[in-house]
file model-v4.txt (compact mmCIF, N, CA and C atoms)
# COMPACT_ATOMS: atom_id res chain seq x y z
N MET A 288 -60.69 -23.06 -53.92
CA MET A 288 -60.06 -22.99 -55.21
C MET A 288 -60.06 -24.38 -55.83
N LYS A 289 -60.39 -24.43 -57.10
CA LYS A 289 -60.39 -25.69 -57.82
C LYS A 289 -59.03 -25.91 -58.46
N LEU A 290 -58.67 -27.17 -58.60
CA LEU A 290 -57.40 -27.52 -59.21
C LEU A 290 -57.28 -26.94 -60.62
N THR A 291 -58.36 -26.85 -61.33
CA THR A 291 -58.33 -26.32 -62.70
C THR A 291 -58.08 -24.81 -62.73
N ASP A 292 -58.24 -24.13 -61.58
CA ASP A 292 -57.99 -22.69 -61.50
C ASP A 292 -56.51 -22.37 -61.29
N ILE A 293 -55.72 -23.37 -60.93
CA ILE A 293 -54.30 -23.15 -60.66
C ILE A 293 -53.54 -23.11 -61.98
N LYS A 294 -52.78 -22.03 -62.18
CA LYS A 294 -52.04 -21.87 -63.42
C LYS A 294 -50.61 -22.36 -63.32
N SER A 295 -50.03 -22.35 -62.12
CA SER A 295 -48.65 -22.85 -61.97
C SER A 295 -48.40 -23.28 -60.54
N PHE A 296 -47.41 -24.15 -60.39
CA PHE A 296 -46.95 -24.59 -59.07
C PHE A 296 -45.53 -24.10 -58.89
N ARG A 297 -45.19 -23.78 -57.65
CA ARG A 297 -43.81 -23.41 -57.34
C ARG A 297 -43.41 -24.20 -56.12
N SER A 298 -42.27 -24.86 -56.19
CA SER A 298 -41.78 -25.64 -55.06
C SER A 298 -41.11 -24.73 -54.05
N VAL A 299 -41.44 -24.92 -52.77
CA VAL A 299 -40.81 -24.12 -51.71
C VAL A 299 -39.39 -24.62 -51.46
N GLY A 300 -39.18 -25.91 -51.48
CA GLY A 300 -37.86 -26.51 -51.29
C GLY A 300 -37.50 -27.28 -52.54
N SER A 301 -36.23 -27.61 -52.68
CA SER A 301 -35.82 -28.40 -53.83
C SER A 301 -34.80 -29.43 -53.39
N SER A 302 -34.63 -30.42 -54.23
CA SER A 302 -33.72 -31.52 -53.91
C SER A 302 -33.02 -31.97 -55.18
N ALA A 303 -31.74 -32.31 -55.06
CA ALA A 303 -30.98 -32.86 -56.17
C ALA A 303 -30.24 -34.09 -55.66
N GLN A 304 -30.28 -35.17 -56.44
CA GLN A 304 -29.62 -36.40 -56.05
C GLN A 304 -28.64 -36.82 -57.12
N SER A 305 -27.58 -37.51 -56.67
CA SER A 305 -26.57 -38.01 -57.60
C SER A 305 -25.96 -39.27 -57.01
N GLU A 306 -25.47 -40.13 -57.90
CA GLU A 306 -24.82 -41.37 -57.49
C GLU A 306 -23.61 -41.59 -58.39
N PHE A 307 -22.48 -42.00 -57.80
CA PHE A 307 -21.28 -42.22 -58.60
C PHE A 307 -20.35 -43.19 -57.89
N ALA A 308 -19.36 -43.69 -58.63
CA ALA A 308 -18.32 -44.56 -58.07
C ALA A 308 -17.07 -43.72 -57.82
N LEU A 309 -16.45 -43.92 -56.67
CA LEU A 309 -15.21 -43.22 -56.32
C LEU A 309 -14.09 -44.25 -56.37
N ASP A 310 -13.22 -44.13 -57.37
CA ASP A 310 -12.17 -45.10 -57.68
C ASP A 310 -10.93 -44.88 -56.82
N ALA A 311 -10.61 -45.87 -55.98
CA ALA A 311 -9.43 -45.78 -55.12
C ALA A 311 -8.13 -45.77 -55.92
N GLY A 312 -8.14 -46.43 -57.08
CA GLY A 312 -6.95 -46.45 -57.92
C GLY A 312 -6.52 -45.07 -58.37
N LYS A 313 -7.44 -44.15 -58.44
CA LYS A 313 -7.13 -42.78 -58.86
C LYS A 313 -7.17 -41.78 -57.71
N TYR A 314 -8.12 -41.95 -56.79
CA TYR A 314 -8.34 -40.92 -55.77
C TYR A 314 -7.88 -41.32 -54.36
N ALA A 315 -7.04 -42.37 -54.27
CA ALA A 315 -6.42 -42.74 -52.99
C ALA A 315 -4.93 -42.99 -53.18
N LYS A 316 -4.35 -42.37 -54.19
CA LYS A 316 -2.93 -42.57 -54.47
C LYS A 316 -2.06 -41.96 -53.38
N MET A 317 -0.93 -42.60 -53.13
CA MET A 317 -0.02 -42.18 -52.06
C MET A 317 0.55 -40.77 -52.26
N ASN A 318 1.14 -40.51 -53.39
CA ASN A 318 1.89 -39.26 -53.56
C ASN A 318 1.16 -38.24 -54.42
N GLN A 319 -0.16 -38.30 -54.41
CA GLN A 319 -0.92 -37.32 -55.17
C GLN A 319 -2.02 -36.74 -54.30
N ALA A 320 -2.44 -35.58 -54.66
CA ALA A 320 -3.54 -34.93 -53.94
C ALA A 320 -4.72 -34.74 -54.89
N ASP A 321 -4.97 -35.74 -55.77
CA ASP A 321 -6.08 -35.64 -56.72
C ASP A 321 -7.42 -35.72 -56.01
N TRP A 322 -8.32 -34.85 -56.39
CA TRP A 322 -9.69 -34.84 -55.90
C TRP A 322 -10.61 -35.08 -57.08
N MET A 323 -11.65 -35.87 -56.88
CA MET A 323 -12.66 -36.07 -57.92
C MET A 323 -13.62 -34.89 -57.89
N GLU A 324 -13.70 -34.19 -59.00
CA GLU A 324 -14.65 -33.07 -59.11
C GLU A 324 -15.98 -33.65 -59.56
N THR A 325 -16.98 -33.56 -58.70
CA THR A 325 -18.30 -34.07 -59.06
C THR A 325 -19.06 -32.98 -59.81
N SER A 326 -20.20 -33.34 -60.35
CA SER A 326 -21.05 -32.35 -61.03
C SER A 326 -22.05 -31.72 -60.06
N ILE A 327 -21.88 -32.00 -58.77
CA ILE A 327 -22.83 -31.55 -57.76
C ILE A 327 -22.48 -30.15 -57.28
N GLU A 328 -23.36 -29.19 -57.56
CA GLU A 328 -23.21 -27.80 -57.12
C GLU A 328 -23.98 -27.60 -55.83
N VAL A 329 -23.33 -27.00 -54.85
CA VAL A 329 -24.02 -26.68 -53.59
C VAL A 329 -23.81 -25.21 -53.26
N SER A 330 -24.74 -24.68 -52.50
CA SER A 330 -24.67 -23.28 -52.07
C SER A 330 -24.74 -23.22 -50.56
N SER A 331 -24.11 -22.21 -50.02
CA SER A 331 -24.14 -21.99 -48.58
C SER A 331 -25.59 -21.98 -48.09
N GLY A 332 -25.85 -22.72 -47.01
CA GLY A 332 -27.19 -22.79 -46.45
C GLY A 332 -27.93 -24.06 -46.84
N GLN A 333 -27.50 -24.74 -47.90
CA GLN A 333 -28.16 -25.97 -48.29
C GLN A 333 -27.75 -27.12 -47.38
N GLN A 334 -28.55 -28.18 -47.40
CA GLN A 334 -28.27 -29.38 -46.60
C GLN A 334 -27.62 -30.41 -47.53
N LEU A 335 -26.48 -30.97 -47.10
CA LEU A 335 -25.76 -31.98 -47.86
C LEU A 335 -25.84 -33.30 -47.11
N GLU A 336 -26.29 -34.35 -47.80
CA GLU A 336 -26.37 -35.67 -47.20
C GLU A 336 -25.66 -36.66 -48.13
N VAL A 337 -24.68 -37.39 -47.58
CA VAL A 337 -23.89 -38.33 -48.36
C VAL A 337 -23.91 -39.68 -47.67
N SER A 338 -24.06 -40.74 -48.46
CA SER A 338 -23.91 -42.10 -47.93
C SER A 338 -23.02 -42.87 -48.90
N ALA A 339 -22.21 -43.77 -48.36
CA ALA A 339 -21.28 -44.51 -49.20
C ALA A 339 -21.20 -45.96 -48.73
N SER A 340 -20.90 -46.85 -49.67
CA SER A 340 -20.76 -48.26 -49.36
C SER A 340 -19.65 -48.85 -50.20
N GLY A 341 -19.26 -50.07 -49.86
CA GLY A 341 -18.23 -50.77 -50.61
C GLY A 341 -16.97 -50.96 -49.78
N LYS A 342 -15.99 -51.60 -50.38
CA LYS A 342 -14.70 -51.87 -49.74
C LYS A 342 -13.59 -51.61 -50.74
N ILE A 343 -12.48 -51.12 -50.23
CA ILE A 343 -11.28 -50.99 -51.05
C ILE A 343 -10.17 -51.80 -50.40
N ASP A 344 -9.18 -52.19 -51.19
CA ASP A 344 -8.05 -52.97 -50.71
C ASP A 344 -6.86 -52.02 -50.56
N GLN A 345 -6.40 -51.84 -49.32
CA GLN A 345 -5.32 -50.90 -49.08
C GLN A 345 -3.93 -51.50 -49.22
N TRP A 346 -3.88 -52.79 -49.43
CA TRP A 346 -2.60 -53.45 -49.69
C TRP A 346 -2.83 -54.55 -50.71
N PRO A 347 -3.00 -54.17 -51.99
CA PRO A 347 -3.37 -55.14 -53.02
C PRO A 347 -2.30 -56.20 -53.30
N GLN A 348 -1.09 -56.02 -52.78
CA GLN A 348 -0.05 -57.03 -52.96
C GLN A 348 -0.43 -58.33 -52.22
N GLY A 349 -1.26 -58.20 -51.18
CA GLY A 349 -1.81 -59.34 -50.45
C GLY A 349 -3.32 -59.24 -50.54
N PRO A 350 -3.90 -59.56 -51.68
CA PRO A 350 -5.32 -59.31 -51.94
C PRO A 350 -6.26 -59.76 -50.81
N GLY A 351 -7.16 -58.86 -50.43
CA GLY A 351 -8.19 -59.16 -49.46
C GLY A 351 -7.77 -59.12 -48.00
N GLN A 352 -6.52 -58.85 -47.71
CA GLN A 352 -6.05 -58.87 -46.33
C GLN A 352 -6.29 -57.56 -45.59
N TYR A 353 -6.29 -56.45 -46.31
CA TYR A 353 -6.44 -55.14 -45.68
C TYR A 353 -7.55 -54.34 -46.35
N MET A 354 -8.75 -54.87 -46.20
CA MET A 354 -9.92 -54.23 -46.78
C MET A 354 -10.48 -53.21 -45.79
N VAL A 355 -11.02 -52.12 -46.33
CA VAL A 355 -11.59 -51.07 -45.48
C VAL A 355 -12.79 -50.46 -46.19
N GLY A 356 -13.76 -50.01 -45.39
CA GLY A 356 -14.94 -49.35 -45.92
C GLY A 356 -14.77 -47.85 -45.93
N PRO A 357 -15.79 -47.12 -46.39
CA PRO A 357 -15.70 -45.66 -46.55
C PRO A 357 -15.50 -44.89 -45.25
N GLU A 358 -15.74 -45.53 -44.09
CA GLU A 358 -15.49 -44.88 -42.81
C GLU A 358 -13.99 -44.81 -42.52
N GLY A 359 -13.19 -45.64 -43.21
CA GLY A 359 -11.74 -45.63 -43.05
C GLY A 359 -11.28 -46.34 -41.79
N GLN A 360 -9.98 -46.33 -41.60
CA GLN A 360 -9.39 -46.90 -40.40
C GLN A 360 -9.27 -45.82 -39.34
N PRO A 361 -9.24 -46.20 -38.06
CA PRO A 361 -9.11 -45.19 -37.01
C PRO A 361 -7.88 -44.31 -37.24
N GLY A 362 -8.03 -43.05 -36.97
CA GLY A 362 -6.94 -42.10 -37.19
C GLY A 362 -7.47 -40.69 -37.23
N GLY A 363 -6.68 -39.79 -37.67
CA GLY A 363 -7.08 -38.40 -37.75
C GLY A 363 -6.28 -37.72 -38.83
N ILE A 364 -5.70 -36.59 -38.53
CA ILE A 364 -4.87 -35.88 -39.50
C ILE A 364 -3.57 -36.67 -39.63
N ARG A 365 -3.18 -36.95 -40.85
CA ARG A 365 -1.97 -37.71 -41.08
C ARG A 365 -1.23 -37.16 -42.28
N GLN A 366 0.00 -37.55 -42.43
CA GLN A 366 0.78 -37.17 -43.60
C GLN A 366 0.57 -38.20 -44.69
N ALA A 367 0.45 -37.78 -45.89
CA ALA A 367 0.30 -38.68 -47.03
C ALA A 367 1.20 -38.17 -48.15
N GLY A 368 2.32 -38.86 -48.35
CA GLY A 368 3.24 -38.45 -49.40
C GLY A 368 3.75 -37.04 -49.19
N GLY A 369 3.96 -36.65 -47.93
CA GLY A 369 4.46 -35.33 -47.62
C GLY A 369 3.38 -34.27 -47.53
N LEU A 370 2.14 -34.63 -47.87
CA LEU A 370 1.04 -33.67 -47.84
C LEU A 370 0.15 -33.96 -46.64
N PRO A 371 -0.28 -32.94 -45.89
CA PRO A 371 -1.22 -33.22 -44.80
C PRO A 371 -2.56 -33.67 -45.37
N PHE A 372 -3.17 -34.64 -44.71
CA PHE A 372 -4.45 -35.16 -45.16
C PHE A 372 -5.39 -35.21 -43.97
N VAL A 373 -6.56 -34.60 -44.10
CA VAL A 373 -7.56 -34.65 -43.05
C VAL A 373 -8.38 -35.90 -43.25
N GLY A 374 -8.46 -36.75 -42.25
CA GLY A 374 -9.23 -37.97 -42.35
C GLY A 374 -8.38 -39.19 -42.09
N ALA A 375 -9.03 -40.32 -42.05
CA ALA A 375 -8.37 -41.59 -41.79
C ALA A 375 -8.02 -42.28 -43.10
N SER A 376 -7.12 -43.22 -43.03
CA SER A 376 -6.75 -44.02 -44.17
C SER A 376 -7.98 -44.77 -44.69
N GLY A 377 -8.27 -44.64 -45.98
CA GLY A 377 -9.43 -45.29 -46.58
C GLY A 377 -10.73 -44.54 -46.45
N GLN A 378 -10.73 -43.45 -45.70
CA GLN A 378 -11.95 -42.69 -45.46
C GLN A 378 -12.24 -41.73 -46.61
N ILE A 379 -13.53 -41.57 -46.92
CA ILE A 379 -13.93 -40.58 -47.92
C ILE A 379 -13.91 -39.21 -47.26
N VAL A 380 -13.31 -38.26 -47.96
CA VAL A 380 -13.22 -36.88 -47.49
C VAL A 380 -13.76 -35.99 -48.60
N GLY A 381 -14.41 -34.89 -48.23
CA GLY A 381 -14.95 -33.97 -49.22
C GLY A 381 -14.49 -32.55 -48.99
N ARG A 382 -14.78 -31.71 -49.93
CA ARG A 382 -14.59 -30.27 -49.80
C ARG A 382 -15.53 -29.60 -50.79
N ILE A 383 -15.88 -28.37 -50.51
CA ILE A 383 -16.74 -27.60 -51.41
C ILE A 383 -15.86 -26.57 -52.11
N GLY A 384 -15.80 -26.68 -53.41
CA GLY A 384 -14.95 -25.79 -54.20
C GLY A 384 -13.54 -26.33 -54.30
N ALA A 385 -12.81 -25.88 -55.31
CA ALA A 385 -11.45 -26.38 -55.56
C ALA A 385 -10.49 -26.10 -54.41
N ASN A 386 -10.74 -25.08 -53.63
CA ASN A 386 -9.85 -24.73 -52.52
C ASN A 386 -10.58 -24.75 -51.18
N GLY A 387 -11.70 -25.46 -51.11
CA GLY A 387 -12.49 -25.52 -49.88
C GLY A 387 -11.79 -26.25 -48.75
N THR A 388 -12.33 -26.12 -47.57
CA THR A 388 -11.80 -26.77 -46.38
C THR A 388 -12.24 -28.24 -46.37
N PRO A 389 -11.29 -29.19 -46.30
CA PRO A 389 -11.66 -30.61 -46.28
C PRO A 389 -12.45 -30.98 -45.03
N PHE A 390 -13.39 -31.92 -45.19
CA PHE A 390 -14.17 -32.44 -44.07
C PHE A 390 -14.39 -33.94 -44.27
N ALA A 391 -14.45 -34.67 -43.18
CA ALA A 391 -14.63 -36.12 -43.23
C ALA A 391 -16.06 -36.45 -43.62
N ILE A 392 -16.22 -37.38 -44.55
CA ILE A 392 -17.53 -37.87 -44.96
C ILE A 392 -17.74 -39.28 -44.41
N GLY A 393 -16.79 -40.17 -44.64
CA GLY A 393 -16.91 -41.54 -44.17
C GLY A 393 -18.05 -42.28 -44.85
N ALA A 394 -18.73 -43.17 -44.10
CA ALA A 394 -19.84 -43.94 -44.65
C ALA A 394 -21.11 -43.10 -44.75
N SER A 395 -21.20 -42.04 -43.93
CA SER A 395 -22.36 -41.14 -44.02
C SER A 395 -22.01 -39.77 -43.46
N TYR A 396 -22.65 -38.79 -44.03
CA TYR A 396 -22.45 -37.40 -43.62
C TYR A 396 -23.75 -36.66 -43.82
N LYS A 397 -24.08 -35.80 -42.89
CA LYS A 397 -25.24 -34.93 -43.05
C LYS A 397 -24.90 -33.62 -42.36
N GLY A 398 -25.00 -32.53 -43.11
CA GLY A 398 -24.71 -31.23 -42.52
C GLY A 398 -25.11 -30.09 -43.42
N LYS A 399 -25.13 -28.92 -42.84
CA LYS A 399 -25.46 -27.69 -43.55
C LYS A 399 -24.18 -27.16 -44.20
N VAL A 400 -24.28 -26.80 -45.47
CA VAL A 400 -23.14 -26.31 -46.24
C VAL A 400 -22.87 -24.85 -45.88
N THR A 401 -21.59 -24.54 -45.66
CA THR A 401 -21.22 -23.15 -45.33
C THR A 401 -20.42 -22.49 -46.46
N GLU A 402 -20.14 -23.24 -47.53
CA GLU A 402 -19.41 -22.70 -48.67
C GLU A 402 -20.23 -22.97 -49.93
N SER A 403 -19.87 -22.34 -51.02
CA SER A 403 -20.56 -22.56 -52.29
C SER A 403 -19.59 -23.06 -53.34
N GLY A 404 -20.05 -23.96 -54.19
CA GLY A 404 -19.21 -24.49 -55.26
C GLY A 404 -19.53 -25.95 -55.52
N LYS A 405 -18.68 -26.59 -56.32
CA LYS A 405 -18.86 -28.01 -56.62
C LYS A 405 -18.32 -28.85 -55.46
N LEU A 406 -18.91 -30.03 -55.30
CA LEU A 406 -18.44 -30.99 -54.31
C LEU A 406 -17.27 -31.77 -54.91
N PHE A 407 -16.17 -31.82 -54.18
CA PHE A 407 -14.99 -32.61 -54.54
C PHE A 407 -14.83 -33.70 -53.48
N VAL A 408 -14.39 -34.89 -53.89
CA VAL A 408 -14.19 -35.99 -52.95
C VAL A 408 -12.88 -36.71 -53.26
N ARG A 409 -12.34 -37.39 -52.25
CA ARG A 409 -11.19 -38.26 -52.42
C ARG A 409 -11.15 -39.25 -51.28
N ILE A 410 -10.18 -40.15 -51.29
CA ILE A 410 -10.06 -41.21 -50.29
C ILE A 410 -8.71 -41.08 -49.60
N GLY A 411 -8.69 -41.28 -48.29
CA GLY A 411 -7.44 -41.27 -47.55
C GLY A 411 -6.52 -42.38 -48.03
N PRO A 412 -5.25 -42.08 -48.31
CA PRO A 412 -4.32 -43.07 -48.86
C PRO A 412 -3.97 -44.17 -47.86
N SER A 413 -3.46 -45.27 -48.40
CA SER A 413 -3.06 -46.43 -47.61
C SER A 413 -1.93 -46.08 -46.64
N PRO A 414 -1.94 -46.64 -45.44
CA PRO A 414 -0.84 -46.40 -44.50
C PRO A 414 0.39 -47.24 -44.82
N TRP A 415 0.30 -48.13 -45.83
CA TRP A 415 1.41 -49.03 -46.17
C TRP A 415 2.18 -48.57 -47.40
N ASN A 416 2.12 -47.30 -47.72
CA ASN A 416 2.88 -46.72 -48.83
C ASN A 416 2.68 -47.45 -50.15
N CYS A 417 1.43 -47.76 -50.46
CA CYS A 417 1.10 -48.35 -51.75
C CYS A 417 -0.26 -47.79 -52.19
N ASP A 418 -0.53 -47.93 -53.46
CA ASP A 418 -1.81 -47.45 -53.98
C ASP A 418 -2.91 -48.47 -53.70
N SER A 419 -4.08 -48.00 -53.32
CA SER A 419 -5.22 -48.85 -53.04
C SER A 419 -5.95 -49.21 -54.33
N THR A 420 -6.80 -50.23 -54.27
CA THR A 420 -7.62 -50.62 -55.42
C THR A 420 -9.07 -50.78 -54.97
N GLY A 421 -9.99 -50.76 -55.93
CA GLY A 421 -11.40 -50.90 -55.64
C GLY A 421 -12.12 -49.57 -55.74
N ASN A 422 -13.38 -49.55 -55.36
CA ASN A 422 -14.12 -48.28 -55.38
C ASN A 422 -15.26 -48.32 -54.38
N TYR A 423 -15.72 -47.13 -54.06
CA TYR A 423 -16.87 -46.94 -53.20
C TYR A 423 -18.03 -46.46 -54.06
N LYS A 424 -19.23 -46.85 -53.68
CA LYS A 424 -20.45 -46.33 -54.32
C LYS A 424 -20.93 -45.19 -53.44
N VAL A 425 -21.08 -44.01 -54.01
CA VAL A 425 -21.43 -42.82 -53.25
C VAL A 425 -22.77 -42.25 -53.73
N LYS A 426 -23.64 -41.94 -52.78
CA LYS A 426 -24.92 -41.30 -53.09
C LYS A 426 -24.95 -39.95 -52.39
N VAL A 427 -25.36 -38.93 -53.12
CA VAL A 427 -25.40 -37.57 -52.58
C VAL A 427 -26.77 -36.96 -52.82
N GLU A 428 -27.25 -36.28 -51.79
CA GLU A 428 -28.50 -35.53 -51.92
C GLU A 428 -28.28 -34.13 -51.37
N VAL A 429 -28.67 -33.14 -52.13
CA VAL A 429 -28.58 -31.74 -51.72
C VAL A 429 -30.00 -31.20 -51.66
N THR A 430 -30.37 -30.62 -50.52
CA THR A 430 -31.70 -30.05 -50.39
C THR A 430 -31.61 -28.58 -49.99
N SER A 431 -32.57 -27.83 -50.43
CA SER A 431 -32.66 -26.42 -50.06
C SER A 431 -33.77 -26.27 -49.03
N PRO A 432 -33.55 -25.37 -48.09
CA PRO A 432 -34.58 -25.14 -47.07
C PRO A 432 -35.86 -24.56 -47.66

call {"tool": "encode", "arguments": {"input": "model-v4.txt", "output": "structure tokens"}}
result
Amino acid sequence: MKLTDIKSFRSVGSSAQSEFALDAGKYAKMNQADWMETSIEVSSGQQLEVSASGKIDQWPQGPGQYMVGPEGQPGGIRQAGGLPFVGASGQIVGRIGANGTPFAIGASYKGKVTESGKLFVRIGPSPWNCDSTGNYKVKVEVTSP
């Protein structure tokens, strides 16, 4: 078959990429459960890959003393302003859909999606009962099999 005989191409797999800043001043607040709603739509069965970089200050009253990256500080499930929070302090956490099950993202995440909807993200709040400052740079890629 000659290339000139081909009338159309169809991709067997597809990929979508996005990049954004995740602001600790808004999405790591102590007494709030705000999640950043991204424009990234995923469907069950797709592959989700996330990488993040940067540092946030978890105690801005003493600038630069308690900096943490997107992997967060060691920990697990903790209380944050009376609300249970899955993940470590300073860690990026995600969920699929407005009421999806939270999962730890940290500095990198790769896994098969089991729910459908938009990707939501937030940051684990400071363990020192104050609001964090700074932001993480987040890159997301969604691929279909």

call {"tool": "select_by_dssp", "arguments": {"input": "model-v4.txt", "residues": "chain A", "states": "alpha helix (DSSP H)", "output": "PyMOL selection string"}}
result
chain A and resi 311-314

call {"tool": "residues_around", "arguments": {"input": "model-v4.txt", "residues": "Pro412 of chain A", "least_positions_apart": "2", "cutoff": "9 Å", "atoms": "only C-alpha atoms", "output": "PyMOL selection string"}}
result
chain A and resi 311+314-318+345+367-368+372+375-378+410+414-419

call {"tool": "closest_residue", "arguments": {"input": "model-v4.txt", "among": "A:Asn386, A:Gln348, A:Gln319, A:Ser338", "to": "Gln304 of chain A", "atoms": "only C-alpha atoms"}}
result
A:Ser338

call {"tool": "residues_around", "arguments": {"input": "model-v4.txt", "residues": "Pro357 of chain A", "least_positions_apart": "2", "cutoff": "7 Å", "atoms": "all atoms listed in the file", "output": "PyMOL selection string"}}
result
chain A and resi 339-343+355+359-360+377-379+392-395+423

call {"tool": "atom_distance", "arguments": {"input": "model-v4.txt", "atom1": "atom N of Lys313 of chain A", "atom2": "atom N of Thr420 of chain A"}}
result
7.4 Å

call {"tool": "select_by_dssp", "arguments": {"input": "model-v4.txt", "residues": "chain A", "states": "strand (DSSP E)", "output": "JSON, numbers by chain"}}
result
{"A": [302, 303, 304, 305, 306, 307, 308, 309, 310, 323, 324, 325, 326, 327, 328, 329, 334, 335, 336, 337, 338, 339, 340, 343, 344, 354, 355, 365, 366, 367, 370, 371, 372, 379, 380, 381, 382, 383, 390, 391, 395, 396, 397, 398, 399, 404, 405, 406, 407, 408, 409, 410, 420, 421, 422, 423, 424, 425, 426, 427, 428, 429, 430]}

call {"tool": "closest_residue", "arguments": {"input": "model-v4.txt", "among": "A:Tyr353, A:Tyr396, A:Trp322, A:Trp346", "to": "Gly384 of chain A", "atoms": "only C-alpha atoms"}}
result
A:Trp322

call {"tool": "atom_distance", "arguments": {"input": "model-v4.txt", "atom1": "atom CA of Ser403 of chain A", "atom2": "atom CA of Gly332 of chain A"}}
result
8.8 Å

call {"tool": "closest_residue", "arguments": {"input": "model-v4.txt", "among": "A:Met354, A:Ala385, A:Leu406, A:Val400", "to": "Val427 of chain A", "atoms": "only C-alpha atoms"}}
result
A:Leu406

call {"tool": "atom_distance", "arguments": {"input": "model-v4.txt", "atom1": "atom N of Val337 of chain A", "atom2": "atom C of Pro350 of chain A"}}
result
29.2 Å
